file model26.pdb (PDB, C-alpha atoms)
ATOM      1  CA  MET A   1     -10.111   7.238 -16.483
ATOM      2  CA  GLY A   2      -8.536   4.844 -18.915
ATOM      3  CA  PHE A   3      -6.411   2.623 -16.698
ATOM      4  CA  LEU A   4      -7.594  -0.467 -18.492
ATOM      5  CA  SER A   5      -6.097  -1.473 -21.790
ATOM      6  CA  LYS A   6      -8.871  -4.035 -22.414
ATOM      7  CA  PRO A   7     -12.074  -5.027 -20.634
ATOM      8  CA  ILE A   8     -11.500  -7.278 -17.623
ATOM      9  CA  LYS A   9     -13.972 -10.110 -17.509
ATOM     10  CA  THR A  10     -12.292 -13.162 -16.019
ATOM     11  CA  LEU A  11      -9.786 -14.038 -13.308
ATOM     12  CA  ASP A  12      -7.221 -14.590 -16.057
ATOM     13  CA  ASP A  13      -7.792 -11.030 -17.340
ATOM     14  CA  LEU A  14      -7.397  -9.740 -13.771
ATOM     15  CA  PHE A  15      -4.149 -11.686 -13.347
ATOM     16  CA  VAL A  16      -2.677 -10.240 -16.557
ATOM     17  CA  HIS A  17      -3.868  -6.713 -15.738
ATOM     18  CA  THR A  18      -2.309  -6.867 -12.263
ATOM     19  CA  LEU A  19       0.964  -8.173 -13.732
ATOM     20  CA  GLN A  20       0.952  -5.128 -16.052
ATOM     21  CA  ASP A  21       0.151  -2.834 -13.112
ATOM     22  CA  ILE A  22       3.044  -4.085 -10.958
ATOM     23  CA  TYR A  23       5.360  -4.120 -14.015
ATOM     24  CA  TYR A  24       4.673  -0.378 -14.348
ATOM     25  CA  ALA A  25       5.132   0.105 -10.592
ATOM     26  CA  GLU A  26       8.524  -1.634 -10.534
ATOM     27  CA  GLN A  27       9.737   0.536 -13.407
ATOM     28  CA  LYS A  28       8.545   3.676 -11.626
ATOM     29  CA  ILE A  29      10.453   2.542  -8.519
ATOM     30  CA  THR A  30      13.727   2.056 -10.453
ATOM     31  CA  LYS A  31      13.380   5.686 -11.587
ATOM     32  CA  ALA A  32      12.479   7.046  -8.121
ATOM     33  CA  LEU A  33      15.090   5.188  -6.044
ATOM     34  CA  PRO A  34      18.249   6.869  -7.434
ATOM     35  CA  LYS A  35      16.788  10.281  -6.540
ATOM     36  CA  MET A  36      16.051   9.060  -3.002
ATOM     37  CA  ILE A  37      19.531   7.517  -2.660
ATOM     38  CA  GLU A  38      21.000  10.891  -3.550
ATOM     39  CA  LYS A  39      18.860  12.807  -1.054
ATOM     40  CA  VAL A  40      18.950  10.697   2.128
ATOM     41  CA  THR A  41      21.744  11.240   4.631
ATOM     42  CA  ASP A  42      21.547   8.145   6.890
ATOM     43  CA  PRO A  43      24.211   5.733   5.507
ATOM     44  CA  GLU A  44      22.175   2.657   6.522
ATOM     45  CA  LEU A  45      19.143   3.979   4.644
ATOM     46  CA  LYS A  46      21.251   4.923   1.624
ATOM     47  CA  GLN A  47      22.737   1.396   1.537
ATOM     48  CA  GLY A  48      19.276  -0.154   2.026
ATOM     49  CA  PHE A  49      17.859   1.779  -0.961
ATOM     50  CA  GLN A  50      20.910   0.857  -3.069
ATOM     51  CA  THR A  51      20.383  -2.846  -2.350
ATOM     52  CA  HIS A  52      16.678  -2.510  -3.092
ATOM     53  CA  LEU A  53      17.403  -0.875  -6.449
ATOM     54  CA  GLY A  54      19.349  -3.992  -7.475
ATOM     55  CA  GLU A  55      16.539  -6.241  -6.213
ATOM     56  CA  THR A  56      13.916  -4.209  -8.085
ATOM     57  CA  LYS A  57      15.762  -4.656 -11.387
ATOM     58  CA  ASN A  58      15.815  -8.388 -10.730
ATOM     59  CA  GLN A  59      12.098  -8.347  -9.860
ATOM     60  CA  ILE A  60      11.396  -6.761 -13.265
ATOM     61  CA  LYS A  61      13.204  -9.687 -14.911
ATOM     62  CA  ARG A  62      11.129 -12.139 -12.861
ATOM     63  CA  LEU A  63       7.933 -10.394 -14.006
ATOM     64  CA  GLU A  64       9.068 -10.710 -17.621
ATOM     65  CA  LYS A  65       9.556 -14.439 -16.983
ATOM     66  CA  VAL A  66       6.002 -14.720 -15.620
ATOM     67  CA  PHE A  67       4.571 -12.843 -18.642
ATOM     68  CA  GLN A  68       6.439 -15.265 -20.911
ATOM     69  CA  MET A  69       5.309 -18.363 -18.966
ATOM     70  CA  HIS A  70       1.731 -17.123 -19.267
ATOM     71  CA  GLY A  71       2.067 -16.480 -23.019
ATOM     72  CA  GLN A  72       1.643 -12.724 -22.725
ATOM     73  CA  PRO A  73       3.847  -9.862 -23.908
ATOM     74  CA  ALA A  74       5.513  -7.931 -21.052
ATOM     75  CA  LYS A  75       3.502  -4.711 -21.009
ATOM     76  CA  ALA A  76       2.964  -1.970 -18.442
ATOM     77  CA  VAL A  77      -0.324  -0.196 -17.654
ATOM     78  CA  THR A  78      -0.385   3.030 -15.657
ATOM     79  CA  CYS A  79      -0.785   2.323 -11.965
ATOM     80  CA  PRO A  80      -2.289   5.438 -10.324
ATOM     81  CA  ALA A  81      -1.614   4.102  -6.822
ATOM     82  CA  ILE A  82       2.166   3.925  -7.240
ATOM     83  CA  ASP A  83       2.119   7.248  -9.108
ATOM     84  CA  GLY A  84       0.350   8.759  -6.089
ATOM     85  CA  ILE A  85       2.796   7.314  -3.544
ATOM     86  CA  VAL A  86       5.916   8.290  -5.520
ATOM     87  CA  ASP A  87       4.708  11.757  -6.608
ATOM     88  CA  GLU A  88       3.688  12.661  -3.069
ATOM     89  CA  ALA A  89       7.050  11.430  -1.719
ATOM     90  CA  GLU A  90       8.959  13.473  -4.307
ATOM     91  CA  GLU A  91       6.996  16.594  -3.463
ATOM     92  CA  ILE A  92       7.654  16.165   0.268
ATOM     93  CA  LEU A  93      11.349  15.340  -0.274
ATOM     94  CA  GLY A  94      11.648  18.484  -2.398
ATOM     95  CA  ASP A  95      10.250  20.549   0.487
ATOM     96  CA  VAL A  96      12.006  19.220   3.575
ATOM     97  CA  ARG A  97      15.378  20.722   4.491
ATOM     98  CA  ASP A  98      16.066  19.146   7.892
ATOM     99  CA  PRO A  99      18.086  15.923   7.221
ATOM    100  CA  GLU A 100      16.421  14.034  10.085
ATOM    101  CA  ALA A 101      12.921  14.801   8.709
ATOM    102  CA  LEU A 102      14.051  14.125   5.141
ATOM    103  CA  ASP A 103      15.293  10.644   6.041
ATOM    104  CA  ALA A 104      12.069   9.981   7.964
ATOM    105  CA  ALA A 105       9.965  11.000   4.937
ATOM    106  CA  ALA A 106      12.043   8.819   2.580
ATOM    107  CA  LEU A 107      11.726   5.846   4.927
ATOM    108  CA  ALA A 108       7.951   6.325   5.162
ATOM    109  CA  ALA A 109       7.618   6.531   1.378
ATOM    110  CA  ALA A 110       9.689   3.370   0.933
ATOM    111  CA  GLN A 111       7.462   1.504   3.401
ATOM    112  CA  ALA A 112       4.304   2.640   1.587
ATOM    113  CA  VAL A 113       5.829   1.370  -1.674
ATOM    114  CA  GLU A 114       6.815  -1.970  -0.083
ATOM    115  CA  HIS A 115       3.322  -2.484   1.322
ATOM    116  CA  TYR A 116       1.766  -1.751  -2.061
ATOM    117  CA  GLU A 117       4.034  -4.370  -3.590
ATOM    118  CA  ILE A 118       3.376  -6.916  -0.822
ATOM    119  CA  ALA A 119      -0.387  -6.537  -1.388
ATOM    120  CA  ARG A 120      -0.104  -6.888  -5.179
ATOM    121  CA  TYR A 121       2.352  -9.814  -5.197
ATOM    122  CA  GLY A 122       0.256 -11.570  -2.523
ATOM    123  CA  THR A 123      -2.798 -11.204  -4.756
ATOM    124  CA  LEU A 124      -0.909 -12.331  -7.878
ATOM    125  CA  LEU A 125       0.386 -15.384  -6.024
ATOM    126  CA  ALA A 126      -3.129 -16.388  -4.894
ATOM    127  CA  TRP A 127      -4.525 -15.891  -8.404
ATOM    128  CA  ALA A 128      -1.672 -17.832 -10.048
ATOM    129  CA  ARG A 129      -2.506 -20.793  -7.779
ATOM    130  CA  GLN A 130      -6.235 -20.362  -8.419
ATOM    131  CA  LEU A 131      -5.532 -20.445 -12.184
ATOM    132  CA  GLY A 132      -3.441 -23.611 -11.752
ATOM    133  CA  ARG A 133      -0.243 -21.751 -12.701
ATOM    134  CA  ASN A 134       2.057 -23.063  -9.996
ATOM    135  CA  ASP A 135       5.054 -22.287 -12.228
ATOM    136  CA  CYS A 136       4.159 -18.578 -12.188
ATOM    137  CA  ALA A 137       3.294 -18.778  -8.460
ATOM    138  CA  GLN A 138       6.784 -20.029  -7.644
ATOM    139  CA  VAL A 139       8.459 -17.057  -9.380
ATOM    140  CA  LEU A 140       6.040 -14.562  -7.797
ATOM    141  CA  GLN A 141       6.649 -16.041  -4.353
ATOM    142  CA  GLU A 142      10.390 -15.342  -4.621
ATOM    143  CA  THR A 143       9.645 -11.644  -5.105
ATOM    144  CA  LEU A 144       6.985 -11.578  -2.368
ATOM    145  CA  GLU A 145       9.484 -12.988   0.144
ATOM    146  CA  GLU A 146      12.071 -10.425  -0.970
ATOM    147  CA  GLU A 147       9.600  -7.538  -0.518
ATOM    148  CA  LYS A 148       8.608  -8.750   2.954
ATOM    149  CA  LYS A 149      12.298  -8.948   3.922
ATOM    150  CA  THR A 150      12.867  -5.382   2.664
ATOM    151  CA  ASP A 151       9.872  -4.100   4.648
ATOM    152  CA  LYS A 152      11.217  -5.789   7.808
ATOM    153  CA  LYS A 153      14.616  -4.191   7.215
ATOM    154  CA  LEU A 154      12.966  -0.753   6.826
ATOM    155  CA  THR A 155      10.959  -1.308  10.024
ATOM    156  CA  THR A 156      14.185  -2.152  11.889
ATOM    157  CA  ILE A 157      15.781   1.071  10.618
ATOM    158  CA  ALA A 158      12.645   3.058  11.614
ATOM    159  CA  GLU A 159      12.658   1.523  15.108
ATOM    160  CA  SER A 160      16.366   2.195  15.602
ATOM    161  CA  ARG A 161      15.706   5.855  14.728
ATOM    162  CA  VAL A 162      12.958   6.016  17.384
ATOM    163  CA  ASN A 163      15.274   4.485  20.003
ATOM    164  CA  ARG A 164      18.079   6.833  19.032
ATOM    165  CA  VAL A 165      15.865   9.823  19.710
ATOM    166  CA  ALA A 166      14.314   8.293  22.834
ATOM    167  CA  VAL A 167      17.695   7.566  24.516
TER
ATOM    168  CA  MET B   1       0.781  19.022  -7.835
ATOM    169  CA  GLY B   2      -0.478  20.770  -4.722
ATOM    170  CA  PHE B   3      -0.815  17.901  -2.261
ATOM    171  CA  LEU B   4       0.717  19.969   0.479
ATOM    172  CA  SER B   5      -1.333  22.487   2.392
ATOM    173  CA  LYS B   6       1.786  24.058   3.946
ATOM    174  CA  PRO B   7       5.539  23.533   3.584
ATOM    175  CA  ILE B   8       6.842  20.493   5.436
ATOM    176  CA  LYS B   9      10.069  21.207   7.251
ATOM    177  CA  THR B  10      10.173  19.180  10.458
ATOM    178  CA  LEU B  11       9.190  15.739  11.736
ATOM    179  CA  ASP B  12       6.239  17.376  13.476
ATOM    180  CA  ASP B  13       5.039  18.825  10.134
ATOM    181  CA  LEU B  14       5.419  15.372   8.569
ATOM    182  CA  PHE B  15       3.409  13.797  11.395
ATOM    183  CA  VAL B  16       0.546  16.285  10.987
ATOM    184  CA  HIS B  17       0.600  15.993   7.171
ATOM    185  CA  THR B  18       0.430  12.186   7.354
ATOM    186  CA  LEU B  19      -2.449  12.369   9.853
ATOM    187  CA  GLN B  20      -4.284  14.591   7.331
ATOM    188  CA  ASP B  21      -3.436  12.141   4.517
ATOM    189  CA  ILE B  22      -4.814   9.091   6.335
ATOM    190  CA  TYR B  23      -7.836  11.123   7.563
ATOM    191  CA  TYR B  24      -8.663  11.719   3.889
ATOM    192  CA  ALA B  25      -8.005   8.057   3.064
ATOM    193  CA  GLU B  26     -10.334   6.761   5.797
ATOM    194  CA  GLN B  27     -13.118   9.053   4.587
ATOM    195  CA  LYS B  28     -12.623   7.852   1.002
ATOM    196  CA  ILE B  29     -12.859   4.254   2.254
ATOM    197  CA  THR B  30     -16.177   4.884   4.049
ATOM    198  CA  LYS B  31     -17.562   6.115   0.715
ATOM    199  CA  ALA B  32     -16.099   3.220  -1.331
ATOM    200  CA  LEU B  33     -17.038   0.322   0.976
ATOM    201  CA  PRO B  34     -20.863   0.515   0.640
ATOM    202  CA  LYS B  35     -20.511   0.237  -3.167
ATOM    203  CA  MET B  36     -18.262  -2.810  -2.742
ATOM    204  CA  ILE B  37     -20.637  -4.395  -0.206
ATOM    205  CA  GLU B  38     -23.425  -4.036  -2.739
ATOM    206  CA  LYS B  39     -21.418  -5.581  -5.587
ATOM    207  CA  VAL B  40     -19.692  -8.620  -4.039
ATOM    208  CA  THR B  41     -21.510 -11.947  -3.977
ATOM    209  CA  ASP B  42     -19.477 -14.012  -1.460
ATOM    210  CA  PRO B  43     -21.397 -13.711   1.855
ATOM    211  CA  GLU B  44     -18.175 -13.983   3.920
ATOM    212  CA  LEU B  45     -16.633 -11.112   1.952
ATOM    213  CA  LYS B  46     -19.820  -9.035   2.190
ATOM    214  CA  GLN B  47     -19.865  -9.538   5.966
ATOM    215  CA  GLY B  48     -16.122  -8.761   6.217
ATOM    216  CA  PHE B  49     -16.576  -5.451   4.356
ATOM    217  CA  GLN B  50     -19.593  -4.590   6.502
ATOM    218  CA  THR B  51     -17.574  -5.122   9.693
ATOM    219  CA  HIS B  52     -14.704  -3.098   8.266
ATOM    220  CA  LEU B  53     -17.035  -0.195   7.457
ATOM    221  CA  GLY B  54     -17.939   0.023  11.154
ATOM    222  CA  GLU B  55     -14.256  -0.195  12.126
ATOM    223  CA  THR B  56     -13.322   2.535   9.640
ATOM    224  CA  LYS B  57     -15.875   4.947  11.125
ATOM    225  CA  ASN B  58     -14.355   4.267  14.542
ATOM    226  CA  GLN B  59     -10.825   4.793  13.157
ATOM    227  CA  ILE B  60     -11.906   8.235  11.914
ATOM    228  CA  LYS B  61     -12.993   9.076  15.472
ATOM    229  CA  ARG B  62      -9.620   7.882  16.795
ATOM    230  CA  LEU B  63      -7.825  10.124  14.269
ATOM    231  CA  GLU B  64      -9.901  13.088  15.450
ATOM    232  CA  LYS B  65      -8.786  12.259  18.996
ATOM    233  CA  VAL B  66      -5.118  12.252  17.898
ATOM    234  CA  PHE B  67      -5.544  15.614  16.099
ATOM    235  CA  GLN B  68      -7.048  17.027  19.276
ATOM    236  CA  MET B  69      -4.314  15.573  21.527
ATOM    237  CA  HIS B  70      -1.738  17.154  19.235
ATOM    238  CA  GLY B  71      -3.492  20.541  19.275
ATOM    239  CA  GLN B  72      -4.363  20.484  15.592
ATOM    240  CA  PRO B  73      -7.704  20.832  13.792
ATOM    241  CA  ALA B  74      -8.910  17.592  12.151
ATOM    242  CA  LYS B  75      -8.303  18.314   8.475
ATOM    243  CA  ALA B  76      -7.963  16.131   5.379
ATOM    244  CA  VAL B  77      -5.460  16.593   2.531
ATOM    245  CA  THR B  78      -5.916  14.783  -0.769
ATOM    246  CA  CYS B  79      -4.103  11.458  -0.765
ATOM    247  CA  PRO B  80      -3.376  10.516  -4.395
ATOM    248  CA  ALA B  81      -2.330   6.976  -3.410
ATOM    249  CA  ILE B  82      -5.710   6.029  -1.929
ATOM    250  CA  ASP B  83      -7.467   7.833  -4.803
ATOM    251  CA  GLY B  84      -5.460   5.652  -7.205
ATOM    252  CA  ILE B  85      -6.251   2.396  -5.411
ATOM    253  CA  VAL B  86      -9.972   3.138  -5.017
ATOM    254  CA  ASP B  87     -10.525   4.634  -8.498
ATOM    255  CA  GLU B  88      -8.784   1.698 -10.181
ATOM    256  CA  ALA B  89     -10.828  -0.771  -8.110
ATOM    257  CA  GLU B  90     -14.085   0.978  -9.014
ATOM    258  CA  GLU B  91     -13.202   0.940 -12.712
ATOM    259  CA  ILE B  92     -12.400  -2.789 -12.602
ATOM    260  CA  LEU B  93     -15.510  -3.605 -10.546
ATOM    261  CA  GLY B  94     -17.596  -1.707 -13.082
ATOM    262  CA  ASP B  95     -16.159  -3.867 -15.856
ATOM    263  CA  VAL B  96     -16.199  -7.390 -14.483
ATOM    264  CA  ARG B  97     -19.369  -9.424 -14.910
ATOM    265  CA  ASP B  98     -18.271 -12.872 -13.683
ATOM    266  CA  PRO B  99     -19.121 -12.991  -9.919
ATOM    267  CA  GLU B 100     -16.037 -15.101  -9.104
ATOM    268  CA  ALA B 101     -13.711 -12.551 -10.768
ATOM    269  CA  LEU B 102     -15.633  -9.632  -9.282
ATOM    270  CA  ASP B 103     -15.192 -10.962  -5.745
ATOM    271  CA  ALA B 104     -11.491 -11.617  -6.455
ATOM    272  CA  ALA B 105     -11.014  -8.025  -7.671
ATOM    273  CA  ALA B 106     -12.831  -6.596  -4.629
ATOM    274  CA  LEU B 107     -10.718  -8.718  -2.289
ATOM    275  CA  ALA B 108      -7.509  -7.574  -4.011
ATOM    276  CA  ALA B 109      -8.541  -3.920  -3.787
ATOM    277  CA  ALA B 110      -9.358  -4.291  -0.090
ATOM    278  CA  GLN B 111      -5.942  -5.816   0.572
ATOM    279  CA  ALA B 112      -4.173  -2.976  -1.273
ATOM    280  CA  VAL B 113      -6.131  -0.496   0.876
ATOM    281  CA  GLU B 114      -5.272  -2.393   4.091
ATOM    282  CA  HIS B 115      -1.575  -2.451   3.215
ATOM    283  CA  TYR B 116      -1.595   1.271   2.497
ATOM    284  CA  GLU B 117      -3.142   1.863   5.899
ATOM    285  CA  ILE B 118      -0.747  -0.524   7.680
ATOM    286  CA  ALA B 119       2.221   1.354   6.167
ATOM    287  CA  ARG B 120       0.849   4.782   7.105
ATOM    288  CA  TYR B 121      -0.261   3.883  10.660
ATOM    289  CA  GLY B 122       3.082   2.109  11.235
ATOM    290  CA  THR B 123       4.883   5.298  10.208
ATOM    291  CA  LEU B 124       2.616   7.518  12.316
ATOM    292  CA  LEU B 125       3.174   5.277  15.330
ATOM    293  CA  ALA B 126       6.983   5.472  14.954
ATOM    294  CA  TRP B 127       6.866   9.253  14.506
ATOM    295  CA  ALA B 128       4.535   9.750  17.509
ATOM    296  CA  ARG B 129       7.072   7.888  19.675
ATOM    297  CA  GLN B 130       9.952   9.828  18.131
ATOM    298  CA  LEU B 131       8.140  13.082  18.971
ATOM    299  CA  GLY B 132       7.597  11.889  22.547
ATOM    300  CA  ARG B 133       3.817  11.659  22.004
ATOM    301  CA  ASN B 134       3.164   8.305  23.616
ATOM    302  CA  ASP B 135      -0.472   9.329  24.193
ATOM    303  CA  CYS B 136      -0.994   9.656  20.420
ATOM    304  CA  ALA B 137       1.055   6.490  19.810
ATOM    305  CA  GLN B 138      -1.269   4.455  21.993
ATOM    306  CA  VAL B 139      -4.368   5.515  20.021
ATOM    307  CA  LEU B 140      -2.626   4.940  16.664
ATOM    308  CA  GLN B 141      -1.497   1.481  17.766
ATOM    309  CA  GLU B 142      -5.104   0.404  18.397
ATOM    310  CA  THR B 143      -5.944   1.163  14.766
ATOM    311  CA  LEU B 144      -2.748  -0.436  13.446
ATOM    312  CA  GLU B 145      -3.585  -3.710  15.243
ATOM    313  CA  GLU B 146      -7.135  -3.551  13.842
ATOM    314  CA  GLU B 147      -5.858  -3.044  10.274
ATOM    315  CA  LYS B 148      -3.423  -5.959  10.596
ATOM    316  CA  LYS B 149      -6.248  -8.186  11.850
ATOM    317  CA  THR B 150      -8.436  -7.157   8.897
ATOM    318  CA  ASP B 151      -5.620  -7.920   6.434
ATOM    319  CA  LYS B 152      -5.152 -11.383   8.000
ATOM    320  CA  LYS B 153      -8.890 -12.027   7.720
ATOM    321  CA  LEU B 154      -8.819 -11.026   4.030
ATOM    322  CA  THR B 155      -5.806 -13.308   3.437
ATOM    323  CA  THR B 156      -7.699 -16.204   5.027
ATOM    324  CA  ILE B 157     -10.681 -15.541   2.715
ATOM    325  CA  ALA B 158      -8.323 -15.321  -0.303
ATOM    326  CA  GLU B 159      -6.639 -18.617   0.639
ATOM    327  CA  SER B 160      -9.943 -20.401   1.169
ATOM    328  CA  ARG B 161     -10.964 -19.282  -2.342
ATOM    329  CA  VAL B 162      -7.738 -20.784  -3.767
ATOM    330  CA  ASN B 163      -8.388 -24.063  -1.956
ATOM    331  CA  ARG B 164     -12.018 -24.116  -3.085
ATOM    332  CA  VAL B 165     -10.922 -23.910  -6.715
ATOM    333  CA  ALA B 166      -8.013 -26.317  -6.232
ATOM    334  CA  VAL B 167     -10.177 -29.092  -4.676
TER
END

call {"tool": "encode", "arguments": {"input": "model26.pdb", "output": "structure tokens"}}
result
Amino acid sequence: MGFLSKPIKTLDDLFVHTLQDIYYAEQKITKALPKMIEKVTDPELKQGFQTHLGETKNQIKRLEKVFQMHGQPAKAVTCPAIDGIVDEAEEILGDVRDPEALDAAALAAAQAVEHYEIARYGTLLAWARQLGRNDCAQVLQETLEEEKKTDKKLTTIAESRVNRVAV
Amino acid sequence: MGFLSKPIKTLDDLFVHTLQDIYYAEQKITKALPKMIEKVTDPELKQGFQTHLGETKNQIKRLEKVFQMHGQPAKAVTCPAIDGIVDEAEEILGDVRDPEALDAAALAAAQAVEHYEIARYGTLLAWARQLGRNDCAQVLQETLEEEKKTDKKLTTIAESRVNRVAV
């Protein structure tokens, strides 16, 4: 399958591999978001994705800082999970014509992406602490909080859509 | 790419497609969990995975109930996201020899799976309500609550591991 650039034996190897995995994921997201911004019709969703694009670029810089703190080059390894989420979303968004369904699909894809990131940053944070790297943990926590805030914002938009239809 | 069994045009199509996606994911998880149970060494983690295997089988039954309520055959469509998460986890678990790192990798994989499920069930719940299918929503909510509880349990295990090392 070849996801791994080098054998993973220790917690430190796992930490570095997962940094590389999320570094790839964040880059994939910066490429996917502009296409989603273009497609969605709901102005609140469009604005939300625009804001998140800016945040994602900043999160990439934070990851580069963590790589540097940990004495590792900033490198990406293919992350099949994010590829799966984004590719599936792009295929669905290419299919759907109804604007209401299109926005719903884009919102769902964004929440799947956010949850993937929340899981990975949560893991990285725990491992940074376990490895005694509180400096890295602090930087990772900033991003984790940002991702959780974005997911909450997306949930609020999703709920307001439900209420709009239910009224 | 061929993820889609039929063109997705409406919110109802999206709802059915996402049910098929998570139906596939749950089945993949029931195949992956026994291998993880066998590999991990931490008894708390082993027990947690064992409990979750039982829950997952029950969640499959709940999905079949939702398919039936919605007048659709229970059918799975390939979900590349869950394939990515599980395949990557299996490759890493095949590599790692250190039991501490192996348990950490298994825990991380389980949390990525939980977050994928939380995102998808959250979306399905919102869409069921939007489609006026409160009967389906009620069944989906049971599973969503269960997944959130499992994620919290995994976070508690992850935190106790951090503290154990930090002491």

call {"tool": "closest_atom_pairs", "arguments": {"input": "model26.pdb", "of": "chain B", "to": "chain A", "cutoff": "8 Å", "atoms": "all atoms listed in the file", "output": "Markdown table"}}
result
| residue | atom | partner | partner_atom | distance |
| --- | --- | --- | --- | --- |
| B:Met1 | CA | A:Glu91 | CA | 8.0 |
| B:Phe3 | CA | A:Glu88 | CA | 7.0 |
| B:Leu4 | CA | A:Ile92 | CA | 7.9 |
| B:Pro7 | CA | A:Asp95 | CA | 6.4 |
| B:Ile8 | CA | A:Val96 | CA | 5.6 |
| B:Lys9 | CA | A:Val96 | CA | 4.6 |
| B:Thr10 | CA | A:Ala101 | CA | 5.5 |
| B:Leu11 | CA | A:Ala101 | CA | 4.9 |
| B:Leu14 | CA | A:Ala105 | CA | 7.3 |
| B:Cys79 | CA | A:Gly84 | CA | 7.4 |
| B:Pro80 | CA | A:Gly84 | CA | 4.5 |
| B:Ala81 | CA | A:Gly84 | CA | 4.2 |
| B:Ile82 | CA | A:Ala81 | CA | 6.7 |
| B:Asp83 | CA | A:Ala81 | CA | 7.2 |
| B:Gly84 | CA | A:Ala81 | CA | 4.2 |
| B:Ile85 | CA | A:Ala81 | CA | 5.1 |
| B:Glu88 | CA | A:Phe3 | CA | 7.0 |
| B:Glu91 | CA | A:Met1 | CA | 8.0 |
| B:Ile92 | CA | A:Ile8 | CA | 6.8 |
| B:Asp95 | CA | A:Ile8 | CA | 6.0 |
| B:Val96 | CA | A:Lys9 | CA | 4.6 |
| B:Arg97 | CA | A:Lys9 | CA | 6.0 |
| B:Asp98 | CA | A:Lys9 | CA | 6.4 |
| B:Glu100 | CA | A:Leu11 | CA | 7.6 |
| B:Ala101 | CA | A:Leu11 | CA | 4.9 |
| B:Ala104 | CA | A:Leu11 | CA | 7.5 |
| B:Ala105 | CA | A:Leu14 | CA | 7.3 |
| B:Ala108 | CA | A:Thr123 | CA | 6.0 |
| B:Gln111 | CA | A:Ala119 | CA | 5.9 |
| B:Ala112 | CA | A:Ala119 | CA | 5.2 |
| B:His115 | CA | A:His115 | CA | 5.3 |
| B:Tyr116 | CA | A:Ala112 | CA | 6.1 |
| B:Ile118 | CA | A:His115 | CA | 7.8 |
| B:Ala119 | CA | A:Ala112 | CA | 5.2 |
| B:Arg120 | CA | A:Ala112 | CA | 6.9 |
| B:Thr123 | CA | A:Ala108 | CA | 6.0 |
| B:Ala126 | CA | A:Val162 | CA | 6.5 |
| B:Trp127 | CA | A:Val162 | CA | 7.5 |
| B:Arg129 | CA | A:Val162 | CA | 6.6 |
| B:Gln130 | CA | A:Val162 | CA | 4.9 |
| B:Gly132 | CA | A:Ala166 | CA | 7.6 |
| B:Ala158 | CA | A:Ala126 | CA | 7.0 |
| B:Glu159 | CA | A:Ala126 | CA | 6.9 |
| B:Arg161 | CA | A:Gln130 | CA | 7.8 |
| B:Val162 | CA | A:Gln130 | CA | 4.9 |
| B:Asn163 | CA | A:Gln130 | CA | 7.8 |
| B:Val165 | CA | A:Gln130 | CA | 6.1 |
| B:Ala166 | CA | A:Gln130 | CA | 6.6 |

call {"tool": "axis_aligned_box", "arguments": {"input": "model26.pdb", "around": "range 19-25 of chain A", "padding_each_side": "5 Å", "output": "AutoDock Vina command-line options"}}
result
--center_x 2.8 --center_y -4.0 --center_z -13.3 --size_x 15.2 --size_y 18.3 --size_z 15.5

call {"tool": "resolve_selection", "arguments": {"input": "model26.pdb", "expression": "the PyMOL selection byres ((chain A and resi 25) around 9)", "output": "list in words"}}
result
Gln20, Asp21, Ile22, Tyr23, Tyr24, Glu26, Gln27, Lys28, Ile29, Thr30, Ala76, Val77, Thr78, Cys79, Ala81, Ile82, Asp83 and Glu117 of chain A

call {"tool": "write_last_selection", "arguments": {"input": "model26.pdb", "atoms": "C-alpha atoms", "output": "PDB file, keeping the file's coordinate frame"}}
result
ATOM      1  CA  GLN A  20       0.952  -5.128 -16.052  1.00  0.00           C
ATOM      2  CA  ASP A  21       0.151  -2.834 -13.112  1.00  0.00           C
ATOM      3  CA  ILE A  22       3.044  -4.085 -10.958  1.00  0.00           C
ATOM      4  CA  TYR A  23       5.360  -4.120 -14.015  1.00  0.00           C
ATOM      5  CA  TYR A  24       4.673  -0.378 -14.348  1.00  0.00           C
ATOM      6  CA  GLU A  26       8.524  -1.634 -10.534  1.00  0.00           C
ATOM      7  CA  GLN A  27       9.737   0.536 -13.407  1.00  0.00           C
ATOM      8  CA  LYS A  28       8.545   3.676 -11.626  1.00  0.00           C
ATOM      9  CA  ILE A  29      10.453   2.542  -8.519  1.00  0.00           C
ATOM     10  CA  THR A  30      13.727   2.056 -10.453  1.00  0.00           C
ATOM     11  CA  ALA A  76       2.964  -1.970 -18.442  1.00  0.00           C
ATOM     12  CA  VAL A  77      -0.324  -0.196 -17.654  1.00  0.00           C
ATOM     13  CA  THR A  78      -0.385   3.030 -15.657  1.00  0.00           C
ATOM     14  CA  CYS A  79      -0.785   2.323 -11.965  1.00  0.00           C
ATOM     15  CA  ALA A  81      -1.614   4.102  -6.822  1.00  0.00           C
ATOM     16  CA  ILE A  82       2.166   3.925  -7.240  1.00  0.00           C
ATOM     17  CA  ASP A  83       2.119   7.248  -9.108  1.00  0.00           C
ATOM     18  CA  GLU A 117       4.034  -4.370  -3.590  1.00  0.00           C
TER      19      GLU A 117
END

call {"tool": "closest_residue", "arguments": {"input": "model26.pdb", "among": "B:Lys75, B:Lys153, B:Arg62, B:His52", "to": "Gln141 in chain B", "atoms": "all atoms listed in the file"}}
result
B:Arg62

call {"tool": "atom_distance", "arguments": {"input": "model26.pdb", "atom1": "CA of Ala89 in chain A", "atom2": "CA of Gln47 in chain A"}}
result
18.9 Å

call {"tool": "atom_distance", "arguments": {"input": "model26.pdb", "atom1": "CA of Lys46 in chain A", "atom2": "CA of Tyr121 in chain B"}}
result
23.4 Å

call {"tool": "atom_distance", "arguments": {"input": "model26.pdb", "atom1": "CA of Pro34 in chain B", "atom2": "CA of Glu55 in chain B"}}
result
13.3 Å

call {"tool": "residues_around", "arguments": {"input": "model26.pdb", "residues": "Thr143 in chain A", "least_positions_apart": "3", "cutoff": "8 Å", "atoms": "all atoms listed in the file", "output": "ChimeraX atom specification"}}
result
/A:59,62,121,139-140,146-147
